[in-house]
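Novice: You'll find structure-v2.txt just under this line, and it carries compact mmCIF, C-alpha atoms and all ligand atoms.
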# COMPACT_ATOMS: atom_id res chain seq x y z
CA MET R 1 67.63 -86.11 37.89
CA ALA R 2 69.53 -82.85 38.10
CA GLY R 3 67.32 -79.78 37.68
CA THR R 4 67.87 -76.74 35.49
CA ARG R 5 71.02 -74.89 36.47
CA GLY R 6 71.90 -71.19 36.40
CA PHE R 7 74.64 -69.01 37.82
CA GLY R 8 74.40 -65.91 40.00
CA ILE R 9 76.87 -63.48 41.53
CA ASP R 10 75.98 -60.95 44.22
CA VAL R 11 78.33 -57.97 44.43
CA GLY R 12 78.27 -56.22 47.80
CA GLY R 13 80.35 -53.57 49.51
CA SER R 14 82.38 -56.11 51.49
CA GLY R 15 82.10 -59.41 49.61
CA ILE R 16 81.41 -60.83 46.17
CA LYS R 17 79.58 -64.18 46.31
CA GLY R 18 78.66 -66.55 43.54
CA CYS R 19 77.40 -70.06 42.98
CA VAL R 20 75.68 -72.42 40.60
CA VAL R 21 71.94 -72.27 41.30
CA ASP R 22 69.34 -75.00 41.08
CA LEU R 23 66.58 -73.08 39.31
CA ASP R 24 63.94 -75.70 39.99
CA ALA R 25 64.49 -75.69 43.73
CA GLY R 26 65.51 -72.02 44.02
CA GLN R 27 68.62 -72.76 46.02
CA LEU R 28 72.38 -72.91 45.72
CA ASP R 29 73.74 -76.01 44.08
CA GLY R 30 76.86 -76.59 46.17
CA GLU R 31 79.09 -74.31 48.22
CA ARG R 32 79.22 -70.69 47.16
CA ILE R 33 82.54 -68.91 46.63
CA ARG R 34 83.05 -65.61 48.47
CA ILE R 35 85.91 -63.23 47.74
CA ASP R 36 86.46 -59.89 49.50
CA THR R 37 85.35 -56.94 47.40
CA PRO R 38 88.53 -55.35 45.99
CA ASP R 39 89.57 -51.92 47.20
CA PRO R 40 89.00 -49.77 45.24
CA SER R 41 85.91 -51.57 43.96
CA THR R 42 86.29 -50.27 40.40
CA PRO R 43 84.52 -51.95 37.46
CA GLU R 44 87.79 -53.48 36.23
CA LEU R 45 88.75 -55.00 39.60
CA VAL R 46 85.24 -56.21 40.44
CA ALA R 47 84.93 -57.78 37.00
CA GLY R 48 88.22 -59.60 37.66
CA VAL R 49 86.79 -61.14 40.82
CA VAL R 50 83.58 -62.08 38.99
CA ARG R 51 85.67 -63.87 36.39
CA GLU R 52 87.61 -65.70 39.11
CA ILE R 53 84.40 -66.92 40.75
CA VAL R 54 82.84 -68.08 37.47
CA ALA R 55 86.09 -69.85 36.55
CA GLY R 56 86.16 -71.46 40.00
CA PHE R 57 83.02 -73.39 39.03
CA GLY R 58 84.07 -73.96 35.40
CA TRP R 59 80.69 -72.42 34.47
CA THR R 60 80.11 -71.62 30.80
CA GLY R 61 76.38 -70.75 30.69
CA PRO R 62 74.56 -67.43 31.26
CA VAL R 63 75.63 -65.38 34.29
CA GLY R 64 73.56 -62.95 36.36
CA VAL R 65 75.34 -60.27 38.37
CA THR R 66 73.88 -57.92 40.98
CA LEU R 67 75.23 -54.49 41.88
CA PRO R 68 74.16 -52.12 44.66
CA ALA R 69 73.20 -49.64 41.97
CA VAL R 70 70.38 -48.46 39.76
CA ILE R 71 70.81 -50.33 36.47
CA LYS R 72 69.20 -49.08 33.28
CA ARG R 73 69.81 -51.02 30.05
CA GLY R 74 72.92 -52.54 31.60
CA THR R 75 74.46 -49.25 32.71
CA ALA R 76 74.95 -48.34 36.39
CA LEU R 77 73.47 -44.94 37.16
CA THR R 78 74.24 -44.85 40.90
CA ALA R 79 76.78 -46.58 43.15
CA ALA R 80 76.09 -47.37 46.82
CA ASN R 81 78.98 -48.90 48.77
CA ILE R 82 80.99 -49.49 45.61
CA ASP R 83 83.42 -47.23 43.78
CA LYS R 84 81.78 -44.15 42.28
CA SER R 85 83.47 -44.90 38.93
CA TRP R 86 80.62 -47.38 38.35
CA ILE R 87 78.32 -44.45 37.65
CA GLY R 88 77.89 -44.28 33.88
CA THR R 89 79.70 -47.60 33.36
CA ASP R 90 78.11 -50.11 31.00
CA ALA R 91 78.23 -52.93 33.54
CA THR R 92 76.82 -55.57 31.20
CA SER R 93 79.52 -54.93 28.58
CA THR R 94 82.24 -54.80 31.26
CA PHE R 95 81.35 -58.25 32.64
CA THR R 96 80.61 -59.72 29.21
CA ARG R 97 84.06 -58.69 27.96
CA LYS R 98 85.88 -59.86 31.07
CA LEU R 99 84.13 -63.23 30.97
CA GLY R 100 84.67 -63.55 27.21
CA ARG R 101 80.98 -64.26 26.67
CA PRO R 102 78.73 -63.60 23.67
CA PRO R 103 76.32 -60.66 23.94
CA GLY R 104 73.18 -61.55 25.89
CA ASP R 105 74.88 -64.12 28.12
CA VAL R 106 75.40 -61.73 31.04
CA VAL R 107 72.58 -59.89 32.80
CA VAL R 108 73.19 -57.18 35.42
CA LEU R 109 70.54 -55.96 37.82
CA ASN R 110 70.09 -54.13 41.12
CA ASP R 111 70.86 -56.29 44.18
CA ALA R 112 67.48 -55.81 45.89
CA ASP R 113 65.62 -56.44 42.63
CA ALA R 114 67.49 -59.74 42.32
CA ALA R 115 66.69 -60.71 45.92
CA GLY R 116 63.05 -59.85 45.26
CA LEU R 117 62.90 -62.03 42.14
CA ALA R 118 64.14 -64.97 44.20
CA GLU R 119 61.88 -64.35 47.19
CA ILE R 120 58.68 -63.88 45.24
CA ARG R 121 59.30 -66.96 43.16
CA TYR R 122 60.66 -69.41 45.70
CA GLY R 123 60.10 -67.87 49.13
CA TRP R 124 56.52 -66.65 48.98
CA PRO R 125 55.12 -68.12 45.74
CA GLY R 126 51.53 -68.12 46.99
CA ASP R 127 51.59 -64.41 47.84
CA GLN R 128 52.25 -62.71 44.51
CA ALA R 129 48.86 -61.06 44.00
CA GLY R 130 48.73 -57.28 44.10
CA VAL R 131 51.52 -54.99 45.24
CA VAL R 132 54.37 -56.79 47.01
CA VAL R 133 57.55 -55.07 48.23
CA LEU R 134 60.76 -56.69 49.34
CA LEU R 135 62.89 -54.50 51.60
CA THR R 136 66.46 -55.53 52.34
CA PHE R 137 67.86 -54.19 55.61
CA GLY R 138 71.64 -54.23 55.49
CA THR R 139 74.30 -51.54 55.07
CA GLY R 140 71.55 -49.56 53.32
CA ILE R 141 67.92 -50.30 52.54
CA GLY R 142 67.18 -51.89 49.17
CA SER R 143 63.75 -52.34 47.65
CA ALA R 144 62.05 -54.43 44.98
CA LEU R 145 58.48 -53.67 43.91
CA PHE R 146 56.21 -56.26 42.28
CA LEU R 147 52.77 -55.96 40.76
CA ASP R 148 51.13 -59.38 40.42
CA GLY R 149 54.58 -60.98 40.44
CA LYS R 150 56.10 -58.67 37.83
CA LEU R 151 59.08 -56.58 38.88
CA VAL R 152 59.02 -52.80 38.60
CA PRO R 153 62.83 -52.30 38.65
CA ASN R 154 65.01 -49.71 40.42
CA THR R 155 62.51 -48.43 42.96
CA GLU R 156 65.10 -47.16 45.52
CA PHE R 157 62.58 -46.87 48.36
CA GLY R 158 65.48 -46.93 50.81
CA HIS R 159 66.04 -43.30 49.94
CA LEU R 160 62.57 -42.06 50.80
CA GLU R 161 62.73 -38.95 52.93
CA VAL R 162 61.45 -39.75 56.41
CA ASP R 163 61.24 -36.91 58.94
CA GLY R 164 63.62 -34.88 56.81
CA GLU R 165 66.26 -37.60 56.46
CA ASP R 166 67.24 -40.27 53.96
CA ALA R 167 65.42 -43.35 55.32
CA GLU R 168 68.36 -45.74 55.13
CA THR R 169 70.52 -43.45 57.28
CA ARG R 170 67.99 -43.98 60.12
CA ALA R 171 66.58 -47.46 59.62
CA ALA R 172 69.18 -49.66 57.86
CA ALA R 173 70.42 -52.64 59.89
CA SER R 174 73.91 -51.07 59.91
CA VAL R 175 72.48 -48.11 61.87
CA LYS R 176 71.22 -50.50 64.54
CA ASP R 177 74.76 -51.87 64.92
CA GLU R 178 76.54 -48.51 64.73
CA LEU R 179 74.36 -46.89 67.37
CA GLY R 180 73.98 -50.03 69.48
CA LEU R 181 70.18 -49.81 69.26
CA SER R 182 68.01 -52.45 70.91
CA TYR R 183 65.55 -54.35 68.71
CA GLU R 184 62.75 -52.23 70.23
CA GLU R 185 64.51 -48.97 69.34
CA TRP R 186 65.38 -50.10 65.86
CA ALA R 187 61.91 -51.58 65.19
CA HIS R 188 60.47 -48.19 66.12
CA ARG R 189 62.57 -46.59 63.35
CA VAL R 190 61.66 -49.32 60.86
CA SER R 191 57.96 -48.86 61.68
CA ARG R 192 58.20 -45.14 61.05
CA TYR R 193 59.86 -45.84 57.71
CA ILE R 194 57.34 -48.47 56.64
CA ARG R 195 54.43 -46.21 57.60
CA VAL R 196 55.72 -43.53 55.24
CA LEU R 197 56.17 -46.12 52.48
CA GLU R 198 52.76 -47.69 52.97
CA ASP R 199 51.02 -44.33 52.88
CA LEU R 200 52.50 -43.85 49.40
CA ILE R 201 52.07 -47.25 47.75
CA TRP R 202 49.64 -49.25 49.93
CA PRO R 203 51.32 -52.64 49.52
CA ASP R 204 49.51 -55.94 50.08
CA LEU R 205 52.59 -57.61 51.50
CA ILE R 206 56.08 -56.59 52.63
CA ILE R 207 58.89 -59.16 52.65
CA ALA R 208 61.72 -58.19 55.02
CA GLY R 209 65.12 -59.36 53.83
CA GLY R 210 68.81 -58.72 54.45
CA GLY R 211 71.04 -60.37 57.06
CA VAL R 212 68.85 -59.13 59.91
CA SER R 213 65.93 -61.23 58.60
CA LYS R 214 67.69 -64.22 60.21
CA LYS R 215 66.60 -62.74 63.55
CA ALA R 216 63.12 -61.81 62.29
CA ASP R 217 61.40 -63.28 65.35
CA LYS R 218 63.18 -60.64 67.48
CA TRP R 219 61.83 -57.61 65.62
CA LEU R 220 59.00 -58.37 63.19
CA PRO R 221 56.52 -58.79 66.07
CA LEU R 222 57.55 -55.34 67.34
CA LEU R 223 56.56 -53.52 64.14
CA ASP R 224 53.58 -51.22 64.36
CA VAL R 225 52.44 -50.98 60.73
CA ARG R 226 49.30 -51.63 58.68
CA THR R 227 50.71 -54.09 56.14
CA ARG R 228 51.45 -57.78 56.71
CA VAL R 229 55.25 -58.11 57.01
CA VAL R 230 56.91 -61.52 56.59
CA ALA R 231 60.56 -62.59 56.79
CA ALA R 232 62.48 -63.42 53.63
CA GLU R 233 62.91 -67.16 53.23
CA LEU R 234 66.13 -67.31 51.21
CA ARG R 235 68.13 -65.00 53.47
CA ASN R 236 71.66 -64.31 52.27
CA ASP R 237 71.39 -66.40 49.12
CA ALA R 238 68.48 -64.47 47.59
CA GLY R 239 70.73 -62.15 45.56
CA ILE R 240 72.66 -65.04 44.00
CA VAL R 241 69.50 -67.03 43.23
CA GLY R 242 67.68 -64.00 41.80
CA ALA R 243 70.64 -63.06 39.62
CA ALA R 244 70.67 -66.58 38.19
CA VAL R 245 66.92 -66.38 37.51
CA ALA R 246 67.34 -63.04 35.69
CA ALA R 247 70.18 -64.42 33.55
CA ALA R 248 68.34 -67.63 32.70
CA GLU R 249 65.41 -65.54 31.52
CA GLY R 250 67.50 -62.78 29.90
CA ALA R 251 65.67 -60.37 32.18
CA GLY R 252 68.11 -57.49 32.56
CA ASN R 253 66.87 -53.93 32.63
C1 LIG R 301 71.13 -48.39 47.03
C2 LIG R 301 70.31 -49.46 46.33
C3 LIG R 301 70.66 -50.84 46.87
C4 LIG R 301 70.56 -50.86 48.39
C5 LIG R 301 71.01 -52.19 48.97
C6 LIG R 301 70.97 -48.53 48.54
O1 LIG R 301 71.76 -47.59 49.19
O2 LIG R 301 70.72 -47.10 46.65
O3 LIG R 301 70.55 -49.41 44.93
O4 LIG R 301 69.78 -51.77 46.33
O5 LIG R 301 71.36 -49.84 48.95
O6 LIG R 301 72.33 -52.48 48.64
Could you render the structure as structure tokens?

Specialist:
Amino acid sequence: MAGTRGFGIDVGGSGIKGCVVDLDAGQLDGERIRIDTPDPSTPELVAGVVREIVAGFGWTGPVGVTLPAVIKRGTALTAANIDKSWIGTDATSTFTRKLGRPPGDVVVLNDADAAGLAEIRYGWPGDQAGVVVLLTFGTGIGSALFLDGKLVPNTEFGHLEVDGEDAETRAAASVKDELGLSYEEWAHRVSRYIRVLEDLIWPDLIIAGGGVSKKADKWLPLLDVRTRVVAAELRNDAGIVGAAVAAAEGAGN
């Protein structure tokens, strides 16, 4: 018997990816569609791509959409790696209008928060007690904070100041690539970052996500931190799955 279905779209700086999601299994139901992020990545153009992806599946139910942005009551208040015209834009209304949906059918949330929702539910379901943080290491560093499985949205821990600098400019996965750092060198930076974070919030568990979590065995063992750090289970699909979960539950913020 087919399980409960949802739909999620993950908007990133380079690609916009969406798929039907099997909400019982916590995984994609079929092949996802990926379309290059339009340039400029304005609300109007991004919403057009979102519509194209939803139409590609003939999906008519609730839709969850992630943005690399702080989202409060559906409005983007920051914009990382997407056009700055998102700032102040009512993202929920923009997508709802473009998709021709009734109010309440579309939920928009921060990309790392979405990934966290998916990971904590399907990736590490037995480890929800206490303070759990998902960190996504990609172009920037995203974060999702949970207390006993409940999301505290928009934490933005990637922008903690570490040794006088914005943490993600030193420890994002993109920095490893740009500077050609070895795993040892990069893990040293990530450790420094996590030590600052753990001195502030004393997490019980850190889940490391983002594309670089595929190679977790190369760098997680090199970390020198107090907290248990595990690799994200859902990898690149976490944003799509988490967006679908948020939409199915009407859990926008
Ligand atoms: C942004 C966050 C986002 C993260 C990952 C950061 O630069 O401030 O909102 O979650 O990148 O995309």

Novice: Residues of chain R that approach ligand LIG 301 (chain R) to 8 Å or less, counting only C-alpha atoms and all ligand atoms: could you list each one with the shortest pair of atoms and its distance in Å to one decimal, rows by chain and increasing residue number, as JSON lines?

Specialist:
{"residue": "R:Gly12", "atom": "CA", "partner": "R:LIG301", "partner_atom": "O6", "distance": 7.1}
{"residue": "R:Leu67", "atom": "CA", "partner": "R:LIG301", "partner_atom": "O4", "distance": 7.5}
{"residue": "R:Pro68", "atom": "CA", "partner": "R:LIG301", "partner_atom": "C3", "distance": 4.3}
{"residue": "R:Ala69", "atom": "CA", "partner": "R:LIG301", "partner_atom": "O3", "distance": 4.0}
{"residue": "R:Val70", "atom": "CA", "partner": "R:LIG301", "partner_atom": "O3", "distance": 5.3}
{"residue": "R:Thr78", "atom": "CA", "partner": "R:LIG301", "partner_atom": "O2", "distance": 7.1}
{"residue": "R:Ala79", "atom": "CA", "partner": "R:LIG301", "partner_atom": "O2", "distance": 7.0}
{"residue": "R:Ala80", "atom": "CA", "partner": "R:LIG301", "partner_atom": "O1", "distance": 4.9}
{"residue": "R:Asn81", "atom": "CA", "partner": "R:LIG301", "partner_atom": "O1", "distance": 7.3}
{"residue": "R:Asn110", "atom": "CA", "partner": "R:LIG301", "partner_atom": "O4", "distance": 5.7}
{"residue": "R:Asp111", "atom": "CA", "partner": "R:LIG301", "partner_atom": "O4", "distance": 5.1}
{"residue": "R:Ala112", "atom": "CA", "partner": "R:LIG301", "partner_atom": "O4", "distance": 4.7}
{"residue": "R:Asp113", "atom": "CA", "partner": "R:LIG301", "partner_atom": "O4", "distance": 7.3}
{"residue": "R:Thr136", "atom": "CA", "partner": "R:LIG301", "partner_atom": "C5", "distance": 6.6}
{"residue": "R:Phe137", "atom": "CA", "partner": "R:LIG301", "partner_atom": "C5", "distance": 7.6}
{"residue": "R:Gly138", "atom": "CA", "partner": "R:LIG301", "partner_atom": "C5", "distance": 6.9}
{"residue": "R:Thr139", "atom": "CA", "partner": "R:LIG301", "partner_atom": "O6", "distance": 6.8}
{"residue": "R:Gly140", "atom": "CA", "partner": "R:LIG301", "partner_atom": "O5", "distance": 4.4}
{"residue": "R:Ile141", "atom": "CA", "partner": "R:LIG301", "partner_atom": "C4", "distance": 5.0}
{"residue": "R:Gly142", "atom": "CA", "partner": "R:LIG301", "partner_atom": "C4", "distance": 3.6}
{"residue": "R:Ser143", "atom": "CA", "partner": "R:LIG301", "partner_atom": "O4", "distance": 6.2}
{"residue": "R:Asn154", "atom": "CA", "partner": "R:LIG301", "partner_atom": "O3", "distance": 7.1}
{"residue": "R:Glu156", "atom": "CA", "partner": "R:LIG301", "partner_atom": "O2", "distance": 5.7}
{"residue": "R:Gly158", "atom": "CA", "partner": "R:LIG301", "partner_atom": "C6", "distance": 6.2}
{"residue": "R:His159", "atom": "CA", "partner": "R:LIG301", "partner_atom": "O2", "distance": 6.9}
{"residue": "R:Glu168", "atom": "CA", "partner": "R:LIG301", "partner_atom": "O1", "distance": 7.1}

Novice: Go ahead and compute the interatomic distance for atom CA of R:Gly48 and atom CA of R:Gly6, in Å to one decimal.

Specialist: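 Between atom CA of R:Gly48 and atom CA of R:Gly6 the gap works out to 20.1 Å.
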
Novice: Which neighbours of R:Glu161 fall inside 9 Å, counting only C-alpha atoms, when residues of the same chain fewer than 5 positions from it are skipped, and could you give them as a PyMOL selection string?

Specialist: chain R and resi 166-167+193+196

Novice: If you count all atoms listed in the file, which residues fall within 8 Å of R:Gly74, apart from same-chain ones fewer than 3 positions away, as a CSV table (one decimal) with C-alpha atoms, in the coordinates of the input?

Specialist:
chain,number,residue,atom,x,y,z
R,71,ILE,CA,70.8,-50.3,36.5
R,90,ASP,CA,78.1,-50.1,31.0
R,91,ALA,CA,78.2,-52.9,33.5
R,92,THR,CA,76.8,-55.6,31.2
R,93,SER,CA,79.5,-54.9,28.6
R,107,VAL,CA,72.6,-59.9,32.8
R,108,VAL,CA,73.2,-57.2,35.4
R,109,LEU,CA,70.5,-56.0,37.8
R,252,GLY,CA,68.1,-57.5,32.6
R,253,ASN,CA,66.9,-53.9,32.6

Novice: Hey, which of R:Ser14, R:Arg5, R:Gly211, R:Val54 ends up closest to R:Asp83? Count all atoms listed in the file.

Specialist: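 Of R:Ser14, R:Arg5, R:Gly211, R:Val54, the one nearest R:Asp83 is R:Ser14, counting all atoms listed in the file.
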
Novice: Rank nothing, just name the residue among R:Glu184, R:Asp204, R:Glu44, R:Glu198 nearest to R:Leu220, using all atoms listed in the file.

Specialist: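 Among R:Glu184, R:Asp204, R:Glu44, R:Glu198, it is R:Glu184 that comes nearest to R:Leu220.
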
Novice: Measure the distance from atom CA of R:Gly209 to atom CA of R:Leu135 in Å and round it to one decimal.

Specialist: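 That distance, rounded to one decimal, is 5.8 Å.
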
Novice: Report as CSV: every residue of stretch 183-206 of chain R with an atom at most 12 Å from stretch 144-148 of chain R, its closest pair of atoms, and their distance in Å to one decimal, counting only C-alpha atoms, with rows sorted by chain and ascending residue number.

Specialist:
residue,atom,partner,partner_atom,distance
R:Leu197,CA,R:Leu145,CA,11.7
R:Ile201,CA,R:Leu145,CA,9.9
R:Trp202,CA,R:Leu145,CA,11.6
R:Pro203,CA,R:Leu145,CA,9.2
R:Asp204,CA,R:Leu147,CA,9.9
R:Leu205,CA,R:Phe146,CA,10.0
R:Ile206,CA,R:Leu145,CA,9.5

Novice: With only C-alpha atoms as the basis for distance, which of R:Thr66, R:Thr60, R:Thr4, R:Gln128 is at the shortest distance from R:Ile16?

Specialist: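 Distance minimum relative to R:Ile16 lands on R:Thr66.
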
Novice: For a quick check of understanding, using all atoms listed in the file, which of R:Pro43, R:Asp177, R:Ala129, R:Ala118 has the smallest distance to R:Gly88?

Specialist: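 Answer, going by the shortest atom-to-atom distance: R:Pro43.
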
Novice: One decimal, Å: what's the distance from atom CA of R:Arg34 over to atom CA of R:Lys214, could you say?

Specialist: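 So the answer is 19.4 Å.
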
Novice: Taking all atoms listed in the file into account, which of R:Val49, R:Ala247, R:Val131, R:Ala171 comes nearest R:Ile35?

Specialist: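 Comparing R:Val49, R:Ala247, R:Val131, R:Ala171 against R:Ile35, the winner is R:Val49.
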
Novice: When you count all atoms listed in the file, which of these residues is closest to R:Ser174: R:Ile82, R:Gln27, R:Gly210, R:Ala55?

Specialist: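 Looking only at the distances to R:Ser174, the closest residue turns out to be R:Gly210.
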